[in-house]
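What follows is the content of data.pdb (PDB, C-alpha atoms).
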```pdb
ATOM      1  CA  MET A   1      -6.886 -19.921  13.984
ATOM      2  CA  THR A   2      -7.938 -17.043  16.204
ATOM      3  CA  GLY A   3      -8.749 -14.002  14.115
ATOM      4  CA  LEU A   4      -7.349 -10.553  14.812
ATOM      5  CA  THR A   5      -9.562  -7.997  16.536
ATOM      6  CA  ALA A   6      -9.732  -4.224  16.749
ATOM      7  CA  ASP A   7      -7.387  -4.355  19.745
ATOM      8  CA  ASP A   8      -4.538  -6.238  18.106
ATOM      9  CA  TRP A   9      -4.908  -5.766  14.343
ATOM     10  CA  PRO A  10      -1.612  -4.278  13.073
ATOM     11  CA  ILE A  11      -2.268  -0.801  11.661
ATOM     12  CA  ALA A  12       0.761   1.042  10.318
ATOM     13  CA  ALA A  13       1.132   4.719   9.528
ATOM     14  CA  ALA A  14       2.342   5.301   6.000
ATOM     15  CA  ALA A  15       5.500   7.408   5.835
ATOM     16  CA  LEU A  16       3.945   8.871   2.677
ATOM     17  CA  PRO A  17       3.278  12.335   4.199
ATOM     18  CA  PHE A  18       6.995  12.889   4.834
ATOM     19  CA  ALA A  19       9.462  14.298   2.310
ATOM     20  CA  GLY A  20      12.140  12.078   0.805
ATOM     21  CA  ARG A  21      14.801  14.781   1.052
ATOM     22  CA  THR A  22      15.978  17.160   3.727
ATOM     23  CA  PRO A  23      15.800  20.933   3.138
ATOM     24  CA  ASP A  24      19.475  20.896   2.138
ATOM     25  CA  GLY A  25      18.827  18.283  -0.564
ATOM     26  CA  ARG A  26      20.090  15.079   1.039
ATOM     27  CA  THR A  27      18.085  11.888   0.704
ATOM     28  CA  ILE A  28      16.564  10.658   3.939
ATOM     29  CA  ALA A  29      18.714   7.528   3.657
ATOM     30  CA  ALA A  30      21.843   9.709   3.554
ATOM     31  CA  ALA A  31      20.601  12.025   6.309
ATOM     32  CA  GLY A  32      21.055   9.307   8.899
ATOM     33  CA  PRO A  33      19.608   8.180  12.234
ATOM     34  CA  GLU A  34      18.906  11.611  13.707
ATOM     35  CA  GLU A  35      16.615  12.460  10.793
ATOM     36  CA  TRP A  36      14.942   9.025  10.870
ATOM     37  CA  GLU A  37      14.269   9.267  14.591
ATOM     38  CA  ARG A  38      12.696  12.718  14.202
ATOM     39  CA  THR A  39      10.069  11.384  11.807
ATOM     40  CA  LEU A  40       9.506   8.089  13.614
ATOM     41  CA  THR A  41       9.019   9.924  16.911
ATOM     42  CA  GLU A  42       6.445  12.179  15.265
ATOM     43  CA  ILE A  43       4.611   9.078  14.034
ATOM     44  CA  ALA A  44       4.726   7.514  17.504
ATOM     45  CA  ASP A  45       3.502  10.736  19.090
ATOM     46  CA  ALA A  46       0.475  10.558  16.766
ATOM     47  CA  GLY A  47      -0.458   7.328  18.547
ATOM     48  CA  PHE A  48       1.026   4.775  16.158
ATOM     49  CA  ASP A  49       3.042   1.786  17.262
ATOM     50  CA  ARG A  50       3.725   0.589  13.702
ATOM     51  CA  VAL A  51       5.067   2.234  10.562
ATOM     52  CA  ASP A  52       5.080   1.398   6.880
ATOM     53  CA  LEU A  53       8.504   2.349   5.520
ATOM     54  CA  THR A  54       7.229   3.970   2.339
ATOM     55  CA  ASP A  55      10.241   4.389   0.087
ATOM     56  CA  SER A  56       9.163   7.848  -1.068
ATOM     57  CA  TRP A  57      10.434   8.762   2.423
ATOM     58  CA  LEU A  58      13.231   6.274   3.144
ATOM     59  CA  ARG A  59      14.719   3.796   0.675
ATOM     60  CA  VAL A  60      15.820   1.082   3.072
ATOM     61  CA  ALA A  61      17.332  -0.831   0.145
ATOM     62  CA  ASP A  62      19.992   1.888   0.001
ATOM     63  CA  LEU A  63      21.104   1.329   3.607
ATOM     64  CA  ASP A  64      24.129  -0.800   4.462
ATOM     65  CA  GLU A  65      24.148  -3.259   7.357
ATOM     66  CA  PRO A  66      25.147  -0.657   9.972
ATOM     67  CA  GLY A  67      22.428   1.642   8.601
ATOM     68  CA  LEU A  68      19.799  -1.068   8.964
ATOM     69  CA  ARG A  69      20.928  -1.707  12.532
ATOM     70  CA  ASP A  70      20.728   2.022  13.252
ATOM     71  CA  LEU A  71      17.209   2.153  11.806
ATOM     72  CA  THR A  72      16.131  -0.725  14.017
ATOM     73  CA  ALA A  73      17.591   1.026  17.057
ATOM     74  CA  VAL A  74      16.023   4.435  16.405
ATOM     75  CA  ALA A  75      12.643   2.866  15.650
ATOM     76  CA  SER A  76      12.815   1.060  18.977
ATOM     77  CA  ASP A  77      13.786   4.273  20.753
ATOM     78  CA  ALA A  78      10.911   6.118  19.087
ATOM     79  CA  GLY A  79       8.459   3.369  20.022
ATOM     80  CA  VAL A  80       7.342   2.162  16.586
ATOM     81  CA  VAL A  81       7.842  -1.164  14.841
ATOM     82  CA  PRO A  82       8.650  -1.185  11.099
ATOM     83  CA  THR A  83       5.934  -3.573   9.939
ATOM     84  CA  SER A  84       5.826  -3.246   6.151
ATOM     85  CA  ILE A  85       7.629  -1.638   3.233
ATOM     86  CA  SER A  86       5.871   0.015   0.314
ATOM     87  CA  ALA A  87       8.201   0.319  -2.664
ATOM     88  CA  ILE A  88       6.488   2.635  -5.116
ATOM     89  CA  ARG A  89       7.193   3.808  -8.677
ATOM     90  CA  CYS A  90       9.887   1.185  -9.223
ATOM     91  CA  SER A  91       8.183  -0.905 -11.891
ATOM     92  CA  VAL A  92      10.143  -3.967 -12.905
ATOM     93  CA  ILE A  93       8.859  -3.570 -16.482
ATOM     94  CA  ASP A  94       9.851   0.084 -16.901
ATOM     95  CA  HIS A  95      11.383   0.150 -20.404
ATOM     96  CA  ALA A  96      14.245   2.407 -19.318
ATOM     97  CA  HIS A  97      14.865   1.264 -15.745
ATOM     98  CA  GLY A  98      13.234  -2.165 -15.390
ATOM     99  CA  ALA A  99      16.413  -4.137 -14.726
ATOM    100  CA  GLU A 100      17.629  -1.501 -12.262
ATOM    101  CA  ASN A 101      14.247  -1.514 -10.515
ATOM    102  CA  LEU A 102      14.291  -5.302 -10.325
ATOM    103  CA  ALA A 103      17.678  -5.206  -8.595
ATOM    104  CA  TYR A 104      16.403  -2.493  -6.242
ATOM    105  CA  SER A 105      13.346  -4.614  -5.435
ATOM    106  CA  HIS A 106      15.552  -7.574  -4.546
ATOM    107  CA  ARG A 107      17.601  -5.328  -2.239
ATOM    108  CA  THR A 108      14.363  -4.116  -0.672
ATOM    109  CA  LEU A 109      13.427  -7.701   0.165
ATOM    110  CA  ASP A 110      16.850  -8.296   1.721
ATOM    111  CA  ALA A 111      16.500  -5.111   3.776
ATOM    112  CA  ALA A 112      13.035  -6.192   4.903
ATOM    113  CA  ALA A 113      14.447  -9.500   6.116
ATOM    114  CA  ALA A 114      17.204  -7.708   8.013
ATOM    115  CA  LEU A 115      14.618  -5.457   9.683
ATOM    116  CA  GLY A 116      12.308  -8.353  10.571
ATOM    117  CA  ILE A 117       9.579  -7.114   8.203
ATOM    118  CA  GLU A 118       7.273  -9.748   6.751
ATOM    119  CA  THR A 119       5.244  -7.746   4.194
ATOM    120  CA  VAL A 120       6.596  -5.843   1.175
ATOM    121  CA  SER A 121       4.375  -4.096  -1.353
ATOM    122  CA  PHE A 122       5.480  -3.502  -4.944
ATOM    123  CA  GLY A 123       3.628  -1.928  -7.844
ATOM    124  CA  LEU A 124       3.885  -1.386 -11.569
ATOM    125  CA  HIS A 125       3.257   2.374 -11.490
ATOM    126  CA  GLN A 126       6.076   4.480 -12.822
ATOM    127  CA  ALA A 127       7.526   7.925 -12.152
ATOM    128  CA  LEU A 128       5.124  10.842 -12.393
ATOM    129  CA  THR A 129       5.274  12.682 -15.696
ATOM    130  CA  ARG A 130       6.180  16.355 -15.818
ATOM    131  CA  GLN A 131       2.528  17.180 -16.495
ATOM    132  CA  GLN A 132       1.423  15.167 -13.452
ATOM    133  CA  GLN A 133       3.987  16.919 -11.260
ATOM    134  CA  GLU A 134       2.529  20.290 -12.280
ATOM    135  CA  GLN A 135      -0.981  19.435 -10.999
ATOM    136  CA  LEU A 136      -2.396  20.019  -7.544
ATOM    137  CA  TRP A 137      -3.519  16.365  -7.624
ATOM    138  CA  PHE A 138      -1.362  14.262  -9.945
ATOM    139  CA  TRP A 139      -4.127  11.759 -10.673
ATOM    140  CA  THR A 140      -6.177  14.361 -12.560
ATOM    141  CA  VAL A 141      -4.110  13.834 -15.721
ATOM    142  CA  LYS A 142      -3.054  10.611 -17.371
ATOM    143  CA  GLY A 143       0.317   9.059 -16.644
ATOM    144  CA  HIS A 144       2.061   5.900 -17.768
ATOM    145  CA  HIS A 145       0.111   3.030 -19.371
ATOM    146  CA  ASP A 146       1.509  -0.512 -19.309
ATOM    147  CA  ASP A 147       2.171  -2.062 -22.706
ATOM    148  CA  PRO A 148       0.238  -5.342 -23.165
ATOM    149  CA  ALA A 149       3.357  -6.766 -24.805
ATOM    150  CA  ASP A 150       5.075  -6.633 -21.392
ATOM    151  CA  TRP A 151       2.621  -8.969 -19.642
ATOM    152  CA  ASP A 152       4.844 -12.060 -19.725
ATOM    153  CA  LEU A 153       7.820 -10.022 -18.550
ATOM    154  CA  ALA A 154       5.769  -8.721 -15.610
ATOM    155  CA  VAL A 155       4.751 -12.255 -14.623
ATOM    156  CA  SER A 156       8.324 -13.529 -14.931
ATOM    157  CA  ARG A 157       9.975 -10.746 -12.949
ATOM    158  CA  LEU A 158       7.323 -10.713 -10.221
ATOM    159  CA  GLN A 159       7.653 -14.492  -9.932
ATOM    160  CA  GLU A 160      11.382 -13.944  -9.444
ATOM    161  CA  LEU A 161      10.701 -11.509  -6.634
ATOM    162  CA  GLY A 162       8.092 -13.828  -5.142
ATOM    163  CA  ARG A 163      10.511 -16.746  -5.030
ATOM    164  CA  HIS A 164      13.191 -14.608  -3.407
ATOM    165  CA  ALA A 165      10.641 -13.374  -0.867
ATOM    166  CA  ALA A 166       9.562 -16.935  -0.104
ATOM    167  CA  GLU A 167      13.163 -17.865   0.697
ATOM    168  CA  LEU A 168      13.195 -15.004   3.207
ATOM    169  CA  GLY A 169       9.765 -15.788   4.696
ATOM    170  CA  ILE A 170       8.282 -12.590   3.245
ATOM    171  CA  LEU A 171       4.905 -11.887   1.672
ATOM    172  CA  VAL A 172       4.801  -9.832  -1.538
ATOM    173  CA  SER A 173       1.739  -7.656  -2.105
ATOM    174  CA  LEU A 174       1.027  -6.022  -5.479
ATOM    175  CA  GLU A 175      -0.479  -2.548  -5.290
ATOM    176  CA  MET A 176      -3.416  -1.747  -7.531
ATOM    177  CA  TYR A 177      -2.873   1.363  -9.649
ATOM    178  CA  GLU A 178      -4.543   2.800 -12.714
ATOM    179  CA  ASP A 179      -3.459   1.977 -16.265
ATOM    180  CA  THR A 180      -1.070  -0.756 -15.153
ATOM    181  CA  PHE A 181      -1.589  -4.507 -15.200
ATOM    182  CA  LEU A 182      -2.887  -3.935 -11.662
ATOM    183  CA  GLY A 183      -5.301  -1.243 -12.805
ATOM    184  CA  THR A 184      -8.535  -3.254 -12.962
ATOM    185  CA  ALA A 185      -9.921  -5.965 -10.745
ATOM    186  CA  ASP A 186      -9.876  -8.612 -13.465
ATOM    187  CA  SER A 187      -6.358  -7.811 -14.623
ATOM    188  CA  ALA A 188      -4.978  -7.723 -11.071
ATOM    189  CA  VAL A 189      -6.481 -11.110 -10.238
ATOM    190  CA  ARG A 190      -5.240 -12.542 -13.517
ATOM    191  CA  LEU A 191      -1.727 -11.307 -12.750
ATOM    192  CA  VAL A 192      -1.646 -12.874  -9.279
ATOM    193  CA  GLU A 193      -3.006 -16.139 -10.632
ATOM    194  CA  GLY A 194      -0.431 -16.052 -13.423
ATOM    195  CA  ILE A 195       2.385 -15.603 -10.910
ATOM    196  CA  GLY A 196       0.995 -18.591  -9.043
ATOM    197  CA  LEU A 197       2.837 -18.262  -5.714
ATOM    198  CA  ASP A 198       0.905 -18.376  -2.450
ATOM    199  CA  ASN A 199       3.106 -15.682  -0.866
ATOM    200  CA  VAL A 200       2.221 -13.194  -3.641
ATOM    201  CA  GLY A 201      -1.125 -11.453  -3.241
ATOM    202  CA  LEU A 202      -2.808  -8.118  -3.779
ATOM    203  CA  ASN A 203      -2.682  -4.765  -2.044
ATOM    204  CA  PRO A 204      -6.205  -3.662  -3.098
ATOM    205  CA  ASP A 205      -5.575   0.078  -2.885
ATOM    206  CA  ILE A 206      -8.899   0.860  -4.507
ATOM    207  CA  GLY A 207      -8.617   4.488  -3.465
ATOM    208  CA  ASN A 208      -6.075   4.811  -6.281
ATOM    209  CA  LEU A 209      -8.881   4.005  -8.718
ATOM    210  CA  VAL A 210     -11.799   5.794  -7.043
ATOM    211  CA  ARG A 211      -9.962   9.133  -7.231
ATOM    212  CA  LEU A 212      -9.669   9.198 -11.042
ATOM    213  CA  HIS A 213     -11.415  12.022 -12.888
ATOM    214  CA  ARG A 214     -12.988   9.655 -15.379
ATOM    215  CA  PRO A 215     -15.381   6.685 -15.351
ATOM    216  CA  ILE A 216     -14.287   3.954 -12.931
ATOM    217  CA  GLU A 217     -15.192   0.421 -11.936
ATOM    218  CA  PRO A 218     -17.749   0.411  -9.129
ATOM    219  CA  TRP A 219     -15.848   0.311  -5.865
ATOM    220  CA  TRP A 220     -17.808  -2.685  -4.598
ATOM    221  CA  GLN A 221     -16.965  -4.655  -7.718
ATOM    222  CA  LEU A 222     -13.286  -3.967  -7.020
ATOM    223  CA  VAL A 223     -13.755  -5.210  -3.455
ATOM    224  CA  GLU A 224     -15.578  -8.387  -4.449
ATOM    225  CA  LYS A 225     -13.010  -9.448  -7.002
ATOM    226  CA  THR A 226      -9.746  -8.496  -5.303
ATOM    227  CA  LEU A 227     -10.171  -8.939  -1.539
ATOM    228  CA  PRO A 228     -10.033 -12.749  -1.689
ATOM    229  CA  TYR A 229      -6.419 -12.272  -2.891
ATOM    230  CA  ALA A 230      -5.425  -9.523  -0.431
ATOM    231  CA  ASN A 231      -2.515  -9.967   1.987
ATOM    232  CA  PHE A 232      -1.842  -6.256   2.745
ATOM    233  CA  TRP A 233      -3.990  -3.171   2.342
ATOM    234  CA  HIS A 234      -3.326   0.516   1.708
ATOM    235  CA  VAL A 235      -6.515   2.224   2.874
ATOM    236  CA  LYS A 236      -7.577   5.776   2.086
ATOM    237  CA  ASN A 237     -10.731   7.399   0.802
ATOM    238  CA  TYR A 238     -11.983  10.085  -1.553
ATOM    239  CA  ALA A 239     -15.129  12.150  -1.881
ATOM    240  CA  ARG A 240     -16.325  11.648  -5.446
ATOM    241  CA  ASP A 241     -18.952  13.280  -7.619
ATOM    242  CA  GLU A 242     -20.039  12.392 -11.139
ATOM    243  CA  ASP A 243     -22.115  14.134 -13.767
ATOM    244  CA  THR A 244     -22.185  11.468 -16.453
ATOM    245  CA  ALA A 245     -24.472  13.493 -18.704
ATOM    246  CA  ARG A 246     -21.756  16.138 -19.017
ATOM    247  CA  GLY A 247     -18.860  13.684 -18.754
ATOM    248  CA  GLU A 248     -17.562  15.377 -15.598
ATOM    249  CA  TYR A 249     -15.873  13.527 -12.751
ATOM    250  CA  PHE A 250     -14.361  14.957  -9.577
ATOM    251  CA  ALA A 251     -12.602  13.512  -6.530
ATOM    252  CA  VAL A 252     -10.643  14.876  -3.555
ATOM    253  CA  PRO A 253      -9.065  13.152  -0.536
ATOM    254  CA  ALA A 254     -11.349  12.525   2.437
ATOM    255  CA  PRO A 255     -11.027  10.793   5.826
ATOM    256  CA  MET A 256     -11.975   7.138   5.507
ATOM    257  CA  GLN A 257     -15.395   7.377   7.137
ATOM    258  CA  TYR A 258     -16.531  10.268   4.929
ATOM    259  CA  GLY A 259     -15.500   9.117   1.456
ATOM    260  CA  LEU A 260     -17.180   7.066  -1.234
ATOM    261  CA  ILE A 261     -15.815   3.680  -0.162
ATOM    262  CA  ASP A 262     -17.758   2.080   2.700
ATOM    263  CA  TYR A 263     -14.871   0.499   4.574
ATOM    264  CA  ARG A 264     -17.133  -1.049   7.196
ATOM    265  CA  ARG A 265     -18.759  -3.119   4.470
ATOM    266  CA  ALA A 266     -15.455  -3.733   2.679
ATOM    267  CA  PHE A 267     -13.714  -5.078   5.795
ATOM    268  CA  ARG A 268     -16.632  -7.328   6.617
ATOM    269  CA  TYR A 269     -16.282  -8.875   3.164
ATOM    270  CA  ALA A 270     -12.483  -9.046   3.459
ATOM    271  CA  ILE A 271     -12.692 -10.995   6.721
ATOM    272  CA  GLU A 272     -15.271 -13.328   5.212
ATOM    273  CA  HIS A 273     -12.577 -14.115   2.635
ATOM    274  CA  GLY A 274      -9.743 -14.635   5.101
ATOM    275  CA  PHE A 275      -7.970 -11.272   5.162
ATOM    276  CA  GLN A 276      -5.685 -10.824   8.186
ATOM    277  CA  GLY A 277      -3.000  -8.627   6.682
ATOM    278  CA  VAL A 278      -1.305  -5.462   7.872
ATOM    279  CA  ILE A 279      -3.382  -2.321   7.274
ATOM    280  CA  CYS A 280      -1.478   0.767   6.144
ATOM    281  CA  VAL A 281      -3.400   4.036   6.556
ATOM    282  CA  GLU A 282      -2.633   6.735   3.983
ATOM    283  CA  ASN A 283      -3.726  10.241   3.017
ATOM    284  CA  TYR A 284      -2.719  12.901   0.509
ATOM    285  CA  GLY A 285      -2.687  16.599   1.260
ATOM    286  CA  GLY A 286      -2.945  18.722   4.388
ATOM    287  CA  ASP A 287      -1.845  17.240   7.712
ATOM    288  CA  GLY A 288      -1.589  13.736   6.320
ATOM    289  CA  LEU A 289      -0.357  12.149   9.550
ATOM    290  CA  SER A 290      -3.303  13.466  11.558
ATOM    291  CA  VAL A 291      -5.768  12.162   8.967
ATOM    292  CA  CYS A 292      -3.975   8.804   9.076
ATOM    293  CA  ALA A 293      -4.404   8.792  12.859
ATOM    294  CA  ASP A 294      -8.109   9.564  12.489
ATOM    295  CA  ASN A 295      -8.389   6.727   9.979
ATOM    296  CA  ARG A 296      -6.703   4.347  12.426
ATOM    297  CA  ASP A 297      -9.125   5.340  15.172
ATOM    298  CA  TYR A 298     -12.096   4.927  12.834
ATOM    299  CA  LEU A 299     -10.975   1.397  12.003
ATOM    300  CA  ARG A 300     -10.484   0.399  15.634
ATOM    301  CA  ARG A 301     -13.678   2.035  16.921
ATOM    302  CA  HIS A 302     -16.130   1.242  14.164
ATOM    303  CA  VAL A 303     -14.873  -1.226  11.573
ATOM    304  CA  LEU A 304     -12.624  -4.015  12.855
ATOM    305  CA  PRO A 305     -14.184  -6.873  14.840
ATOM    306  CA  LYS A 306     -14.455  -6.203  18.560
ATOM    307  CA  ARG A 307     -14.845  -9.803  19.655
ATOM    308  CA  GLU A 308     -12.902 -12.987  19.086
ATOM    309  CA  GLY A 309     -14.510 -16.064  17.651
ATOM    310  CA  TYR A 310     -15.932 -14.456  14.522
ATOM    311  CA  ALA A 311     -16.262 -16.425  11.296
ATOM    312  CA  LEU A 312     -13.028 -16.095   9.330
ATOM    313  CA  GLY A 313     -13.018 -17.263   5.748
ATOM    314  CA  THR A 314     -10.192 -18.786   3.757
ATOM    315  CA  SER A 315      -7.994 -16.508   1.698
ATOM    316  CA  ARG A 316      -6.684 -17.547  -1.704
ATOM    317  CA  VAL A 317      -3.194 -16.381  -0.680
ATOM    318  CA  ARG A 318      -1.074 -16.772   2.413
ATOM    319  CA  GLN A 319      -1.655 -14.376   5.306
ATOM    320  CA  PRO A 320       1.042 -13.011   7.673
ATOM    321  CA  ARG A 321       2.322 -14.997  10.617
ATOM    322  CA  HIS A 322       0.819 -12.480  13.061
ATOM    323  CA  ALA A 323      -2.534 -13.860  11.997
ATOM    324  CA  GLN A 324      -1.644 -16.978  13.971
ATOM    325  CA  GLY A 325      -1.938 -15.031  17.217
ATOM    326  CA  GLY A 326       0.574 -12.184  17.312
ATOM    327  CA  SER A 327       0.089  -8.830  18.978
ATOM    328  CA  ARG A 328       0.274  -5.306  17.713
TER     329      ARG A 328
END
```
Using structure tokens, write down the structure that the file contains.
Amino acid sequence: MTGLTADDWPIAAAALPFAGRTPDGRTIAAAGPEEWERTLTEIADAGFDRVDLTDSWLRVADLDEPGLRDLTAVASDAGVVPTSISAIRCSVIDHAHGAENLAYSHRTLDAAAALGIETVSFGLHQALTRQQQEQLWFWTVKGHHDDPADWDLAVSRLQELGRHAAELGILVSLEMYEDTFLGTADSAVRLVEGIGLDNVGLNPDIGNLVRLHRPIEPWWQLVEKTLPYANFWHVKNYARDEDTARGEYFAVPAPMQYGLIDYRRAFRYAIEHGFQGVICVENYGGDGLSVCADNRDYLRRHVLPKREGYALGTSRVRQPRHAQGGSR
């Protein structure tokens, strides 16, 4: 297998910086093709040729067949390829909405297949609490904690999604997030191994953990344990400071090259363990799209391999088909 290089590694812009409703209150799904094309054109004009359809912007599972065809057409007109879907805050073990979220997740997989998308990321994080919504940065206060009694249910329902995805030729990636079963390296790996399907891996979004205003696992320990199971990757970074003597912890968003996580080192390790997945660049706050574009350029200029023929390790989960020699 020829490994991907900086020139052809698929890097998608997260749609995370864009609002999920129009100023008049309509969902983006209901707003229709003109609204979709406006955002996708903005993403293309920032230099991206791929987009992650983050469902905080557009819930593709809520589109009918004509809507999915329209989305494909406007994306083509804009010049971007929908490459992944990130379905967030739709935990399948939510005590109030778990069954509804499971059905939504199945519809998301069907929509991905209709759009020709191979990678779908799910998580176990739940809706932000009122207290979180009142903060400048929602991660500075505690949110939902998974109940250990729900472990078997999580395995069962994620296996169900994994089997459905396998029938469609789709990879499922599970996003790491604090205080869920995907909130520590050991627990995340245990969950993937418990699911036991080679098309279900991890989205090691370790930025979600580095930003917490409390003690955290060392970022390199997170990398070492989770990257061998990675098949998709949300990447973002945070500047972090700690005063352990006073019990004070602080973090704010930062461009990838300036934050705590050394992504050059992390990607070297990831490749040594077979990672060839889609990279989704993210950022919170400010001009998020421009920071995402800077993060993309940093990856291509300084981090991803420039030359073919490098040593590529063997992942513990299946990698996307583009890893067999596709183009960006």
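Proximity of A:Val252, A:Ala293, A:Ala73, A:Leu260 to Leu136 (chain A), computed with only C-alpha atoms, is greatest for A:Val252.
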Test item: the PyMOL selection byres ((chain A and resi 106-116) around 9) resolved as an mmCIF file with C-alpha atoms, keeping the file's coordinate frame:
```cif
data_model
loop_
_atom_site.group_PDB
_atom_site.id
_atom_site.type_symbol
_atom_site.label_atom_id
_atom_site.label_comp_id
_atom_site.auth_asym_id
_atom_site.auth_seq_id
_atom_site.Cartn_x
_atom_site.Cartn_y
_atom_site.Cartn_z
ATOM 1 C CA ARG A 59 14.719 3.796 0.675
ATOM 2 C CA VAL A 60 15.820 1.082 3.072
ATOM 3 C CA ALA A 61 17.332 -0.831 0.145
ATOM 4 C CA ASP A 62 19.992 1.888 0.001
ATOM 5 C CA LEU A 63 21.104 1.329 3.607
ATOM 6 C CA ASP A 64 24.129 -0.800 4.462
ATOM 7 C CA GLU A 65 24.148 -3.259 7.357
ATOM 8 C CA LEU A 68 19.799 -1.068 8.964
ATOM 9 C CA ARG A 69 20.928 -1.707 12.532
ATOM 10 C CA LEU A 71 17.209 2.153 11.806
ATOM 11 C CA THR A 72 16.131 -0.725 14.017
ATOM 12 C CA PRO A 82 8.650 -1.185 11.099
ATOM 13 C CA THR A 83 5.934 -3.573 9.939
ATOM 14 C CA SER A 84 5.826 -3.246 6.151
ATOM 15 C CA ILE A 85 7.629 -1.638 3.233
ATOM 16 C CA ALA A 87 8.201 0.319 -2.664
ATOM 17 C CA ASN A 101 14.247 -1.514 -10.515
ATOM 18 C CA LEU A 102 14.291 -5.302 -10.325
ATOM 19 C CA ALA A 103 17.678 -5.206 -8.595
ATOM 20 C CA TYR A 104 16.403 -2.493 -6.242
ATOM 21 C CA SER A 105 13.346 -4.614 -5.435
ATOM 22 C CA ILE A 117 9.579 -7.114 8.203
ATOM 23 C CA GLU A 118 7.273 -9.748 6.751
ATOM 24 C CA THR A 119 5.244 -7.746 4.194
ATOM 25 C CA VAL A 120 6.596 -5.843 1.175
ATOM 26 C CA LEU A 161 10.701 -11.509 -6.634
ATOM 27 C CA HIS A 164 13.191 -14.608 -3.407
ATOM 28 C CA ALA A 165 10.641 -13.374 -0.867
ATOM 29 C CA LEU A 168 13.195 -15.004 3.207
ATOM 30 C CA GLY A 169 9.765 -15.788 4.696
ATOM 31 C CA ILE A 170 8.282 -12.590 3.245
#
```
Calculated over all atoms listed in the file, which of the candidates A:Asn231, A:Gln126, A:Asn237, A:Thr244 has the smallest distance to His322 (chain A)?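 That would be A:Asn231, the residue with the smallest distance to His322 (chain A).
Candidate residues A:Glu134, A:Leu222, A:Trp57, A:Ala12 were compared for distance to Arg26 (chain A), and the nearest is A:Trp57, using only C-alpha atoms.
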Fewer than 6 positions away in the same chain doesn't count, so skip those; otherwise give me all residues within 7 Å of Thr180 (chain A), counting all atoms listed in the file, as a list of chain:residue names.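 Using all atoms listed in the file, the neighbours found are A:Leu124, A:His125, A:His145, A:Asp146.
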Could you tell me how far CA of Asp198 (chain A) lies from CA of Gly313 (chain A), in Å and to one decimal?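 Computing the Euclidean distance for CA of Asp198 (chain A) and CA of Gly313 (chain A) yields 16.2 Å.
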Around region 170-183 of chain A, fit a box with edges along x, y and z, padding it by 8 Å on each side, then list its centre and edge lengths in Å to one decimal as lines of an AutoDock Vina configuration file.
```
center_x = 1.5
center_y = -4.9
center_z = -6.5
size_x = 29.6
size_y = 31.4
size_z = 35.5
```
Given the file above and the PyMOL selection byres ((chain A and resi 279) around 9), which residues are selected, and can you give them as an NGL selection string? :A and (9-13 or 232-235 or 276-278 or 280-281)
Determine, counting only C-alpha atoms, every residue of protein, DNA or RNA that lies within 8 Å of (4.6, -1.6, -5.6) in the file coordinates, then give the result as a VMD selection string. chain A and resid 86 to 91 121 to 125 173 to 175
Could you check which of A:Asp77, A:Glu34, A:Asp243, A:Asp7 is closest to Val303 (chain A), using only C-alpha atoms? A:Asp7
For CA of Ser56 (chain A) and CA of Gly20 (chain A), determine how far apart the two atoms are, in Å to one decimal place. 5.5 Å
Name the residues in contact with region 184-189 of chain A at a cut-off of 12 Å, using only C-alpha atoms, excluding same-chain residues fewer than 5 positions from it; report them as an NGL selection string. :A and (123-124 or 146 or 148 or 151 or 154-155 or 173-179 or 194-196 or 200-206 or 208-210 or 216-230 or 316-317)
Store the residues of this selection in a file with C-alpha atoms, as a short mmCIF file (atom, residue, chain, number, x, y, z; two decimals), in the frame of the given file.
```cif
data_model
loop_
_atom_site.label_atom_id
_atom_site.label_comp_id
_atom_site.auth_asym_id
_atom_site.auth_seq_id
_atom_site.Cartn_x
_atom_site.Cartn_y
_atom_site.Cartn_z
CA GLY A 123 3.63 -1.93 -7.84
CA LEU A 124 3.88 -1.39 -11.57
CA ASP A 146 1.51 -0.51 -19.31
CA PRO A 148 0.24 -5.34 -23.16
CA TRP A 151 2.62 -8.97 -19.64
CA ALA A 154 5.77 -8.72 -15.61
CA VAL A 155 4.75 -12.26 -14.62
CA SER A 173 1.74 -7.66 -2.10
CA LEU A 174 1.03 -6.02 -5.48
CA GLU A 175 -0.48 -2.55 -5.29
CA MET A 176 -3.42 -1.75 -7.53
CA TYR A 177 -2.87 1.36 -9.65
CA GLU A 178 -4.54 2.80 -12.71
CA ASP A 179 -3.46 1.98 -16.26
CA GLY A 194 -0.43 -16.05 -13.42
CA ILE A 195 2.38 -15.60 -10.91
CA GLY A 196 1.00 -18.59 -9.04
CA VAL A 200 2.22 -13.19 -3.64
CA GLY A 201 -1.12 -11.45 -3.24
CA LEU A 202 -2.81 -8.12 -3.78
CA ASN A 203 -2.68 -4.76 -2.04
CA PRO A 204 -6.20 -3.66 -3.10
CA ASP A 205 -5.58 0.08 -2.88
CA ILE A 206 -8.90 0.86 -4.51
CA ASN A 208 -6.08 4.81 -6.28
CA LEU A 209 -8.88 4.00 -8.72
CA VAL A 210 -11.80 5.79 -7.04
CA ILE A 216 -14.29 3.95 -12.93
CA GLU A 217 -15.19 0.42 -11.94
CA PRO A 218 -17.75 0.41 -9.13
CA TRP A 219 -15.85 0.31 -5.86
CA TRP A 220 -17.81 -2.68 -4.60
CA GLN A 221 -16.96 -4.66 -7.72
CA LEU A 222 -13.29 -3.97 -7.02
CA VAL A 223 -13.76 -5.21 -3.46
CA GLU A 224 -15.58 -8.39 -4.45
CA LYS A 225 -13.01 -9.45 -7.00
CA THR A 226 -9.75 -8.50 -5.30
CA LEU A 227 -10.17 -8.94 -1.54
CA PRO A 228 -10.03 -12.75 -1.69
CA TYR A 229 -6.42 -12.27 -2.89
CA ALA A 230 -5.42 -9.52 -0.43
CA ARG A 316 -6.68 -17.55 -1.70
CA VAL A 317 -3.19 -16.38 -0.68
#
```
